[in-house]
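Novice: File input02.txt below, compact mmCIF, C-alpha atoms:
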```txt
# COMPACT_ATOMS: atom_id res chain seq x y z
CA MET A 1 9.32 29.14 28.23
CA ALA A 2 7.04 27.77 30.90
CA PRO A 3 3.32 28.28 30.29
CA SER A 4 1.47 30.87 32.32
CA SER A 5 -0.62 29.82 35.29
CA GLU A 6 -3.72 31.11 33.46
CA ALA A 7 -2.97 28.94 30.42
CA VAL A 8 -2.50 25.87 32.63
CA ARG A 9 -5.72 26.66 34.49
CA LEU A 10 -7.71 26.71 31.24
CA ALA A 11 -6.06 23.52 29.99
CA ARG A 12 -6.77 21.76 33.29
CA ARG A 13 -10.42 22.84 33.15
CA LEU A 14 -10.86 21.54 29.60
CA ARG A 15 -9.23 18.24 30.50
CA GLY A 16 -11.34 18.03 33.66
CA LEU A 17 -14.56 18.48 31.71
CA ARG A 18 -13.68 15.56 29.46
CA GLU A 19 -12.30 13.25 32.14
CA SER A 20 -15.20 13.86 34.53
CA ASP A 21 -17.59 12.54 31.91
CA GLU A 22 -18.90 9.21 33.16
CA SER A 23 -19.08 7.77 29.66
CA GLY A 24 -15.30 7.59 29.41
CA LEU A 25 -15.08 10.28 26.73
CA THR A 26 -11.82 10.10 24.78
CA GLN A 27 -10.04 12.92 23.00
CA ARG A 28 -11.09 11.36 19.71
CA ASP A 29 -14.73 11.24 20.80
CA LEU A 30 -14.61 14.91 21.72
CA ALA A 31 -12.78 15.89 18.53
CA ASN A 32 -15.50 14.24 16.46
CA ALA A 33 -18.29 15.78 18.51
CA LEU A 34 -16.96 19.35 18.29
CA SER A 35 -17.03 19.36 14.50
CA ASP A 36 -19.83 18.08 12.34
CA ASP A 37 -17.35 17.04 9.67
CA SER A 38 -14.89 15.53 12.20
CA ARG A 39 -12.06 17.80 11.09
CA VAL A 40 -10.93 18.80 14.57
CA ALA A 41 -7.79 16.74 15.05
CA VAL A 42 -7.19 14.62 18.15
CA ALA A 43 -3.81 16.35 18.40
CA THR A 44 -5.64 19.67 18.60
CA ILE A 45 -7.71 18.52 21.58
CA SER A 46 -4.51 17.21 23.17
CA SER A 47 -2.77 20.59 22.67
CA TRP A 48 -5.65 22.42 24.39
CA GLU A 49 -5.45 20.03 27.36
CA SER A 50 -1.65 19.99 27.64
CA LEU A 51 -0.39 21.17 31.02
CA SER A 52 3.20 21.59 29.80
CA ASN A 53 2.60 23.47 26.55
CA PRO A 54 -1.08 24.42 26.28
CA LYS A 55 -2.42 26.02 23.12
CA LEU A 56 -5.21 28.59 23.32
CA PRO A 57 -8.49 27.37 21.75
CA PRO A 58 -10.37 29.73 19.42
CA ALA A 59 -13.31 31.46 21.09
CA GLU A 60 -15.88 29.63 18.95
CA ARG A 61 -14.53 26.26 20.15
CA LEU A 62 -15.15 27.19 23.76
CA ARG A 63 -18.74 27.86 22.87
CA SER A 64 -18.90 24.34 21.44
CA TYR A 65 -17.33 22.97 24.65
CA ALA A 66 -20.03 24.68 26.72
CA LEU A 67 -22.75 23.41 24.40
CA PHE A 68 -21.47 19.84 24.61
CA PHE A 69 -20.97 19.64 28.38
CA CYS A 70 -24.11 21.53 29.44
CA THR A 71 -26.36 18.52 28.81
CA ASP A 72 -26.19 14.74 29.19
CA ARG A 73 -28.08 14.45 25.93
CA SER A 74 -24.80 15.15 24.09
CA HIS A 75 -23.82 11.56 24.96
CA GLU A 76 -26.93 9.80 23.69
CA GLY A 77 -25.70 7.52 20.94
CA THR A 78 -22.58 8.88 19.27
CA PRO A 79 -21.28 11.96 21.12
CA HIS A 80 -22.58 15.03 19.29
CA LEU A 81 -23.51 18.68 19.66
CA LEU A 82 -27.11 19.73 20.11
CA ALA A 83 -28.43 22.88 18.51
CA GLU A 84 -28.67 25.77 20.96
CA ARG A 85 -32.33 26.21 20.11
CA ASP A 86 -33.00 22.66 21.36
CA LEU A 87 -31.67 23.26 24.87
CA THR A 88 -34.12 23.15 27.74
CA PRO A 89 -34.18 26.17 30.12
CA PRO A 90 -32.00 24.40 32.74
CA GLU A 91 -29.58 23.27 30.03
CA ARG A 92 -29.40 26.79 28.62
CA GLU A 93 -28.63 28.16 32.07
CA ARG A 94 -25.78 25.65 32.46
CA PHE A 95 -24.57 26.43 28.93
CA GLU A 96 -24.40 30.17 29.55
CA LYS A 97 -22.68 29.72 32.91
CA LEU A 98 -20.05 27.33 31.53
CA HIS A 99 -19.47 29.43 28.42
CA HIS A 100 -18.96 32.53 30.55
CA GLU A 101 -16.48 30.65 32.72
CA LEU A 102 -14.44 29.31 29.80
CA VAL A 103 -14.35 32.67 28.02
CA GLY A 104 -13.19 34.27 31.26
CA LEU A 105 -10.36 31.76 31.56
CA ARG A 106 -9.39 32.40 27.94
CA ASP A 107 -9.43 36.17 28.45
CA ALA A 108 -7.16 35.77 31.47
CA VAL A 109 -4.60 34.00 29.26
CA ARG A 110 -4.83 36.71 26.63
CA ASN A 111 -4.59 39.53 29.16
CA GLN A 112 -1.49 38.10 30.82
CA SER A 113 0.31 37.41 27.56
CA GLY A 114 -0.75 40.73 26.04
CA ALA A 115 -2.13 38.71 23.13
CA SER A 116 1.49 38.14 22.12
CA GLY A 117 1.23 34.39 22.03
CA SER A 118 3.57 33.79 24.93
CA GLY A 119 2.65 31.69 27.89
CA GLY A 120 -0.15 29.80 26.22
CA GLY A 121 0.58 29.27 22.57
CA GLY A 122 -1.24 32.44 21.49
CA SER A 123 -4.28 32.61 19.29
CA TYR A 124 -4.67 35.22 16.61
CA THR A 125 -7.47 35.82 14.17
CA TRP A 126 -5.28 34.27 11.49
CA ASP A 127 -4.35 31.17 13.51
CA PHE A 128 -6.43 28.14 12.55
CA GLU A 129 -6.49 24.77 14.29
CA SER A 130 -7.27 22.96 11.04
CA GLY A 131 -7.57 23.57 7.32
CA PRO A 132 -8.07 24.02 4.53
CA ILE A 133 -8.00 27.82 4.21
CA THR A 134 -9.23 29.49 1.03
CA ILE A 135 -8.49 33.13 0.16
CA ILE A 136 -10.81 34.47 -2.53
CA CYS A 137 -9.32 37.47 -4.32
CA PRO A 138 -10.78 39.99 -6.76
CA GLU A 139 -9.90 39.83 -10.43
CA ALA A 140 -8.25 42.81 -12.11
CA VAL A 141 -10.50 44.99 -14.25
CA PRO A 142 -9.81 44.56 -17.98
CA ILE A 143 -8.20 47.55 -19.69
CA VAL A 144 -10.12 49.25 -22.48
CA ASN A 145 -8.28 50.33 -25.62
CA PRO A 146 -9.41 53.95 -26.13
CA GLU A 147 -9.02 53.68 -29.91
CA THR A 148 -10.89 50.44 -30.53
CA GLY A 149 -13.02 50.23 -27.41
CA ARG A 150 -11.97 46.58 -27.02
CA GLU A 151 -11.14 45.12 -23.62
CA PHE A 152 -7.84 43.42 -22.99
CA SER A 153 -5.87 42.38 -19.94
CA HIS A 154 -2.15 42.65 -19.27
CA PRO A 155 -0.30 40.71 -21.99
CA LEU A 156 1.31 38.39 -19.43
CA ALA A 157 -2.15 37.45 -18.10
CA ASP A 158 -2.85 35.70 -21.39
CA GLU A 159 -2.27 31.95 -20.97
CA ARG A 160 -1.09 31.78 -24.58
CA HIS A 161 1.80 34.14 -23.87
CA PRO A 162 5.12 32.29 -23.28
CA ASN A 163 5.72 34.45 -20.20
CA TYR A 164 2.22 33.97 -18.80
CA THR A 165 2.04 35.04 -15.12
CA ARG A 166 -1.17 34.13 -13.32
CA MET A 167 -0.81 36.84 -10.68
CA PHE A 168 -1.36 39.55 -13.31
CA ARG A 169 -5.02 38.51 -13.17
CA TYR A 170 -5.34 39.51 -9.50
CA ALA A 171 -6.46 42.82 -8.02
CA ASP A 172 -5.67 43.89 -4.42
CA LEU A 173 -2.28 42.20 -4.70
CA ASP A 174 -0.84 44.25 -1.83
CA ALA A 175 -3.51 42.86 0.49
CA LEU A 176 -3.12 39.31 -0.81
CA MET A 177 0.67 39.25 -0.41
CA GLU A 178 0.44 40.70 3.11
CA LEU A 179 -2.20 38.21 4.19
CA TRP A 180 -0.77 35.18 2.38
CA GLY A 181 2.63 35.58 4.00
CA HIS A 182 1.16 36.07 7.46
CA ILE A 183 -1.19 33.09 7.28
CA ARG A 184 1.51 30.81 5.86
CA ALA A 185 3.86 31.77 8.69
CA SER A 186 1.16 31.25 11.34
CA ASN A 187 -0.15 27.96 9.90
CA PRO A 188 2.82 26.23 8.24
CA GLU A 189 1.24 22.77 8.25
CA LEU A 190 -2.16 23.69 6.83
CA GLN A 191 -3.35 23.75 3.25
CA ILE A 192 -3.80 27.34 2.06
CA VAL A 193 -4.96 28.28 -1.44
CA HIS A 194 -5.97 31.48 -3.18
CA ARG A 195 -8.63 31.62 -5.86
CA LEU A 196 -10.13 34.11 -8.26
CA PRO A 197 -13.93 34.36 -7.96
CA SER A 198 -14.36 32.51 -11.26
CA GLU A 199 -12.25 29.60 -9.94
CA VAL A 200 -14.13 29.02 -6.68
CA MET A 201 -15.48 25.48 -6.25
CA ALA A 202 -18.18 24.21 -3.90
CA ASP A 203 -15.64 22.55 -1.58
CA ASP A 204 -13.79 25.87 -1.18
CA MET A 205 -16.82 27.43 0.46
CA SER A 206 -16.82 24.77 3.21
CA SER A 207 -13.29 25.62 4.32
CA HIS A 208 -12.11 28.56 6.38
CA VAL A 209 -12.95 31.28 3.85
CA ILE A 210 -11.26 34.67 3.60
CA VAL A 211 -12.67 37.09 1.03
CA LEU A 212 -10.70 40.12 -0.14
CA GLY A 213 -12.08 43.15 -1.95
CA GLY A 214 -15.38 44.83 -2.61
CA ILE A 215 -18.43 43.98 -4.66
CA GLY A 216 -17.14 45.71 -7.79
CA LEU A 217 -14.29 43.23 -8.42
CA ASN A 218 -15.32 40.21 -6.34
CA HIS A 219 -18.83 38.87 -6.91
CA VAL A 220 -18.28 36.39 -4.04
CA THR A 221 -18.17 39.38 -1.65
CA LYS A 222 -21.49 40.58 -3.03
CA ARG A 223 -23.04 37.13 -2.67
CA LEU A 224 -21.81 36.64 0.89
CA LEU A 225 -22.94 40.08 2.08
CA LYS A 226 -26.42 39.12 0.90
CA THR A 227 -26.18 35.66 2.49
CA LEU A 228 -25.30 37.14 5.89
CA ARG A 229 -28.79 38.52 6.46
CA GLU A 230 -28.14 39.35 10.10
CA LEU A 231 -25.19 41.58 9.16
CA PRO A 232 -26.50 45.16 8.98
CA VAL A 233 -23.67 46.38 6.71
CA SER A 234 -24.10 46.64 2.94
CA GLN A 235 -21.99 47.97 0.09
CA PHE A 236 -23.36 49.63 -3.02
CA GLU A 237 -22.53 51.91 -5.93
CA VAL A 238 -23.34 55.62 -5.92
CA ALA A 239 -23.41 57.96 -8.89
CA ASP A 240 -20.91 60.45 -7.42
CA LEU A 241 -18.14 57.89 -6.82
CA LYS A 242 -16.77 56.06 -9.85
CA THR A 243 -13.73 54.47 -8.18
CA GLY A 244 -15.40 52.26 -5.57
CA GLU A 245 -18.55 51.37 -3.62
CA ILE A 246 -19.54 52.93 -0.30
CA PHE A 247 -20.77 51.22 2.88
CA LYS A 248 -24.04 51.66 4.74
CA ALA A 249 -25.13 50.50 8.19
CA SER A 250 -28.84 49.87 7.91
CA ASP A 251 -29.60 49.89 11.64
CA ALA A 252 -27.86 53.25 12.06
CA ASN A 253 -29.13 54.55 8.69
CA LYS A 254 -25.68 55.96 8.04
CA GLU A 255 -23.40 55.96 5.00
CA PHE A 256 -19.61 55.75 5.16
CA ARG A 257 -17.58 57.41 2.41
CA PRO A 258 -13.91 58.09 1.65
CA GLN A 259 -12.38 61.51 2.25
CA TRP A 260 -10.61 63.53 -0.42
CA GLU A 261 -8.35 66.56 -0.48
CA GLU A 262 -8.07 68.94 -3.40
CA THR A 263 -4.55 69.32 -4.78
CA SER A 264 -3.03 70.94 -7.84
CA ASP A 265 -3.14 67.53 -9.51
CA GLY A 266 -6.78 66.94 -8.64
CA PRO A 267 -8.55 65.13 -5.77
CA GLU A 268 -6.27 63.00 -3.57
CA LEU A 269 -7.56 60.15 -1.39
CA VAL A 270 -6.64 60.92 2.23
CA GLU A 271 -8.94 58.51 4.08
CA ASP A 272 -10.55 55.24 3.00
CA VAL A 273 -13.05 52.99 4.80
CA ALA A 274 -12.36 49.33 5.64
CA LEU A 275 -14.72 46.52 6.61
CA ILE A 276 -13.56 43.56 8.69
CA THR A 277 -16.14 40.85 9.30
CA ARG A 278 -15.55 37.53 11.10
CA VAL A 279 -18.48 35.13 11.53
CA ARG A 280 -19.15 31.42 11.39
CA ASN A 281 -19.05 30.15 7.82
CA PRO A 282 -22.74 30.04 6.77
CA PHE A 283 -22.00 26.93 4.70
CA ASN A 284 -20.07 25.07 7.44
CA HIS A 285 -20.44 26.22 11.05
CA SER A 286 -17.25 24.44 12.10
CA ARG A 287 -15.29 26.88 9.91
CA THR A 288 -15.04 30.66 9.78
CA LEU A 289 -15.77 33.34 7.20
CA THR A 290 -13.68 36.51 7.21
CA ILE A 291 -14.24 39.47 4.90
CA CYS A 292 -11.54 42.12 4.44
CA ASN A 293 -13.11 44.79 2.31
CA GLY A 294 -12.74 48.46 1.49
CA ILE A 295 -14.13 51.19 -0.69
CA HIS A 296 -10.78 51.28 -2.48
CA SER A 297 -7.68 49.08 -2.45
CA ARG A 298 -6.20 51.10 0.44
CA GLY A 299 -9.23 50.17 2.52
CA VAL A 300 -8.78 46.47 1.72
CA LEU A 301 -5.10 46.64 2.66
CA GLY A 302 -5.96 48.55 5.84
CA ALA A 303 -8.45 45.84 6.81
CA VAL A 304 -5.80 43.14 6.39
CA ARG A 305 -3.02 45.06 8.13
CA THR A 306 -5.24 45.74 11.15
CA LEU A 307 -4.41 42.16 12.21
CA THR A 308 -1.03 41.59 10.50
CA ASP A 309 0.95 44.79 11.11
CA VAL A 310 3.40 44.05 13.92
CA ARG A 311 3.05 47.61 15.23
CA VAL A 312 -0.66 47.31 16.07
CA ARG A 313 -1.82 43.70 15.72
CA GLU A 314 -1.24 42.65 19.34
CA ARG A 315 -3.29 45.55 20.73
CA ASN A 316 -5.93 45.01 18.07
CA GLU A 317 -6.19 41.29 18.85
CA ALA A 318 -6.54 42.10 22.54
CA PHE A 319 -9.29 44.60 21.70
CA LEU A 320 -11.22 42.01 19.66
CA SER A 321 -10.81 39.37 22.35
CA SER A 322 -12.23 41.64 25.06
CA HIS A 323 -15.01 43.26 23.00
CA PHE A 324 -16.10 40.21 20.99
CA PRO A 325 -15.32 37.15 23.14
CA GLU A 326 -17.47 34.88 20.97
CA GLY A 327 -15.28 35.66 17.98
CA SER A 328 -17.95 37.08 15.64
CA PHE A 329 -17.99 40.76 14.74
CA ALA A 330 -18.06 43.41 12.04
CA LEU A 331 -16.10 46.66 12.12
CA LEU A 332 -16.06 49.63 9.76
CA LEU A 333 -12.74 51.42 10.19
CA ARG A 334 -11.12 54.67 9.18
CA VAL A 335 -7.97 54.07 7.11
CA PRO A 336 -5.80 57.20 6.79
CA VAL A 337 -3.77 57.44 3.57
CA VAL A 338 -0.47 59.33 3.67
CA ASN A 339 1.61 59.78 0.50
CA GLY A 340 -0.48 57.01 -1.08
CA GLU A 341 0.20 54.53 1.75
CA ALA A 342 -2.55 53.03 3.92
CA ILE A 343 -1.99 53.46 7.67
CA SER A 344 -2.92 50.39 9.73
CA PRO A 345 -5.85 51.28 12.06
CA ASP A 346 -5.29 51.07 15.82
CA LEU A 347 -8.57 49.78 17.27
CA GLU A 348 -7.85 51.34 20.67
CA ILE A 349 -8.26 54.77 19.05
CA GLU A 350 -12.00 55.34 19.18
CA GLU A 351 -12.04 57.67 16.15
CA ASN A 352 -10.78 54.80 13.99
CA ARG A 353 -13.84 52.69 14.78
CA LEU A 354 -16.65 54.08 12.65
CA TYR A 355 -19.13 51.29 13.38
CA GLU A 356 -19.24 48.09 15.45
CA TRP A 357 -21.54 45.08 15.39
CA SER A 358 -21.74 41.63 16.93
CA PRO A 359 -24.49 38.98 16.74
CA THR A 360 -25.23 39.28 20.46
CA ASP A 361 -24.96 43.01 21.01
CA LYS A 362 -26.72 45.94 19.44
CA ALA A 363 -24.52 47.74 16.95
CA ALA A 364 -23.16 51.08 17.97
CA ALA A 365 -22.55 53.76 15.40
CA LYS A 366 -19.83 56.21 16.29
```
Will you turn the file into structure tokens for me?
Specialist:
Amino acid sequence: MAPSSEAVRLARRLRGLRESDESGLTQRDLANALSDDSRVAVATISSWESLSNPKLPPAERLRSYALFFCTDRSHEGTPHLLAERDLTPPERERFEKLHHELVGLRDAVRNQSGASGSGGGGSYTWDFESGPITIICPEAVPIVNPETGREFSHPLADERHPNYTRMFRYADLDALMELWGHIRASNPELQIVHRLPSEVMADDMSSHVIVLGGIGLNHVTKRLLKTLRELPVSQFEVADLKTGEIFKASDANKEFRPQWEETSDGPELVEDVALITRVRNPFNHSRTLTICNGIHSRGVLGAVRTLTDVRVRERNEAFLSSHFPEGSFALLLRVPVVNGEAISPDLEIEENRLYEWSPTDKAAAK
């Protein structure tokens, strides 16, 4: 299939920026400059500049393009990115103008293709130009023997058992299997691993990090929510809910709780709350951090399926692209539960969006 005219226009503009540089900037030079750890591949730059089969760059990379080409100081010595705070007023004006232009070109590609990936290579939240990718999953709560009071896990989670199965140690398995399969299919050549919180190593936190689950079962979630000081969403325990932890938006001074319905068998969960957060990795700004969280497991699965479910993901990706062009955001979502099954939220339905935040815009509570 021939690429769309919008995709070619963006590719030509990116190539033109590089080739118009008087220093003779090569694709390798630019690849190194756009990532502090030099992990952007030359082939990736080439794919973004290709006029025959252009790939759509992630939104955060276009910001780096604008930052690099807004000032001649990027070429002093080894080509490198300056910090935004170090830009002079004229440089900042050029940066904002170029960034706006590139994002507009990218949006035109997405709008024409319907975010389906056709006519420009596509670019979903779960598409990554480089790895590794680390999924950090919650660990299952130990079972307590009511007679002895002793804790024990599933027998097959014991490494000494001849039929030891590591996955019995995981919680939120529905969310992990959904996300793992989708990311593997979208990024077949990249290294993807999943870890329990107790297995996380320092190098894992410098990759693209995806964290599943709430603070009760995943202490990495708790740590990261505290690390992201600008994020006005917190999660905490309350005395009247023993099965999960609720969310609060500090700037709106509002709590978000699940909904229950009384039945003959007792309370039934009919609506959970999901949190999806995508920001730059605070430990490596050339990588991303994504949190898929919920009050209960249905909320976690709903957060994942918002961007994996074939029935809604294209519209949801288009919504994110238009509302958060820089690629960073946080959303609290309503997740209906029918017959025990989580329903994937459609972001175009306003009632599903309980709360929205981005680093550049004031949050809006619904």
Novice: In Å to one decimal, how far is atom CA of Glu341 of chain A from atom CA of Ser264 of chain A?
Specialist: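 We find that atom CA of Ser264 of chain A and atom CA of Glu341 of chain A lie 19.3 Å from each other.
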Novice: Atom CA of Pro258 of chain A to atom CA of Ser322 of chain A: how many Å, to one decimal?
Specialist: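 Those two atoms sit 28.7 Å apart.
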Novice: When you look at Ala43 of chain A with a cut-off of 10 Å (counting all atoms listed in the file), what residues show up, excluding the ones that are within fewer than 2 positions of it in the same chain? I need them as a PDB file with C-alpha atoms, in the frame of the given file.
Specialist:
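The result, stored in part_33.pdb:
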```pdb
ATOM      1  CA  GLN A  27     -10.040  12.920  23.000  1.00  0.00           C
ATOM      2  CA  ARG A  28     -11.090  11.360  19.710  1.00  0.00           C
ATOM      3  CA  ALA A  31     -12.780  15.890  18.530  1.00  0.00           C
ATOM      4  CA  VAL A  40     -10.930  18.800  14.570  1.00  0.00           C
ATOM      5  CA  ALA A  41      -7.790  16.740  15.050  1.00  0.00           C
ATOM      6  CA  ILE A  45      -7.710  18.520  21.580  1.00  0.00           C
ATOM      7  CA  SER A  46      -4.510  17.210  23.170  1.00  0.00           C
ATOM      8  CA  SER A  47      -2.770  20.590  22.670  1.00  0.00           C
ATOM      9  CA  TRP A  48      -5.650  22.420  24.390  1.00  0.00           C
ATOM     10  CA  GLU A  49      -5.450  20.030  27.360  1.00  0.00           C
ATOM     11  CA  GLU A 129      -6.490  24.770  14.290  1.00  0.00           C
TER      12      GLU A 129
END
```
Novice: Considering all atoms listed in the file, return as a list in words whatever protein or nucleic-acid residues lie within 7 Å of segment 209-216 of chain A, sequence-local ones (same chain, fewer than 4 positions apart) excluded.
Specialist: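 Once the adjacent positions are removed, what remains is Ile133, Thr134, Ile135, Ile136, Cys137, Pro138, Asp172, Met205, Thr221, Lys222, Thr288, Leu289, Thr290, Ile291, Cys292, Asn293, Gly294, Ile295 and Val300 of chain A.
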Novice: For a quick check of your reading of the model, name the residues lying within 6 Å of the coordinate (-19.4, 39.4, 19.7), counting all atoms listed in the file, and write them as a compact mmCIF listing (two decimals) with C-alpha atoms, in the frame of the given file.
Specialist:
```txt
# COMPACT_ATOMS: atom_id res chain seq x y z
CA PHE A 324 -16.10 40.21 20.99
CA PRO A 325 -15.32 37.15 23.14
CA GLU A 326 -17.47 34.88 20.97
CA GLY A 327 -15.28 35.66 17.98
CA SER A 328 -17.95 37.08 15.64
CA PHE A 329 -17.99 40.76 14.74
CA SER A 358 -21.74 41.63 16.93
CA PRO A 359 -24.49 38.98 16.74
CA THR A 360 -25.23 39.28 20.46
```
Novice: Could you tell me which of A:His182, A:His296, A:His161, A:Arg15 comes closest to Val270 of chain A if we count all atoms listed in the file?
Specialist: A:His296
Novice: Could you name the residues that touch Ser344 of chain A at 7 Å or less, counting all atoms listed in the file, but leaving out those on the same chain fewer than 2 positions away, as a VMD selection string?
Specialist: chain A and resid 302 305 to 306 309 335 342 346
Novice: Which is closer to Leu14 of chain A than all the others in A:Ser297, A:Asn284, A:Ser321, A:Ser50, using only C-alpha atoms?
Specialist: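 Smallest separation from Leu14 of chain A among the options: A:Ser50.
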Novice: Which polymer residues have any atom within 7 Å of an atom of segment 96-103 of chain A, counting only C-alpha atoms, with same-chain residues fewer than 3 positions away left out, as a PDB file with C-alpha atoms, in the coordinates of the input?
Specialist:
```pdb
ATOM      1  CA  LEU A  62     -15.150  27.190  23.760  1.00  0.00           C
ATOM      2  CA  ARG A  63     -18.740  27.860  22.870  1.00  0.00           C
ATOM      3  CA  ALA A  66     -20.030  24.680  26.720  1.00  0.00           C
ATOM      4  CA  ARG A  92     -29.400  26.790  28.620  1.00  0.00           C
ATOM      5  CA  GLU A  93     -28.630  28.160  32.070  1.00  0.00           C
ATOM      6  CA  ARG A 106      -9.390  32.400  27.940  1.00  0.00           C
ATOM      7  CA  ASP A 107      -9.430  36.170  28.450  1.00  0.00           C
ATOM      8  CA  PRO A 325     -15.320  37.150  23.140  1.00  0.00           C
TER       9      PRO A 325
END
```
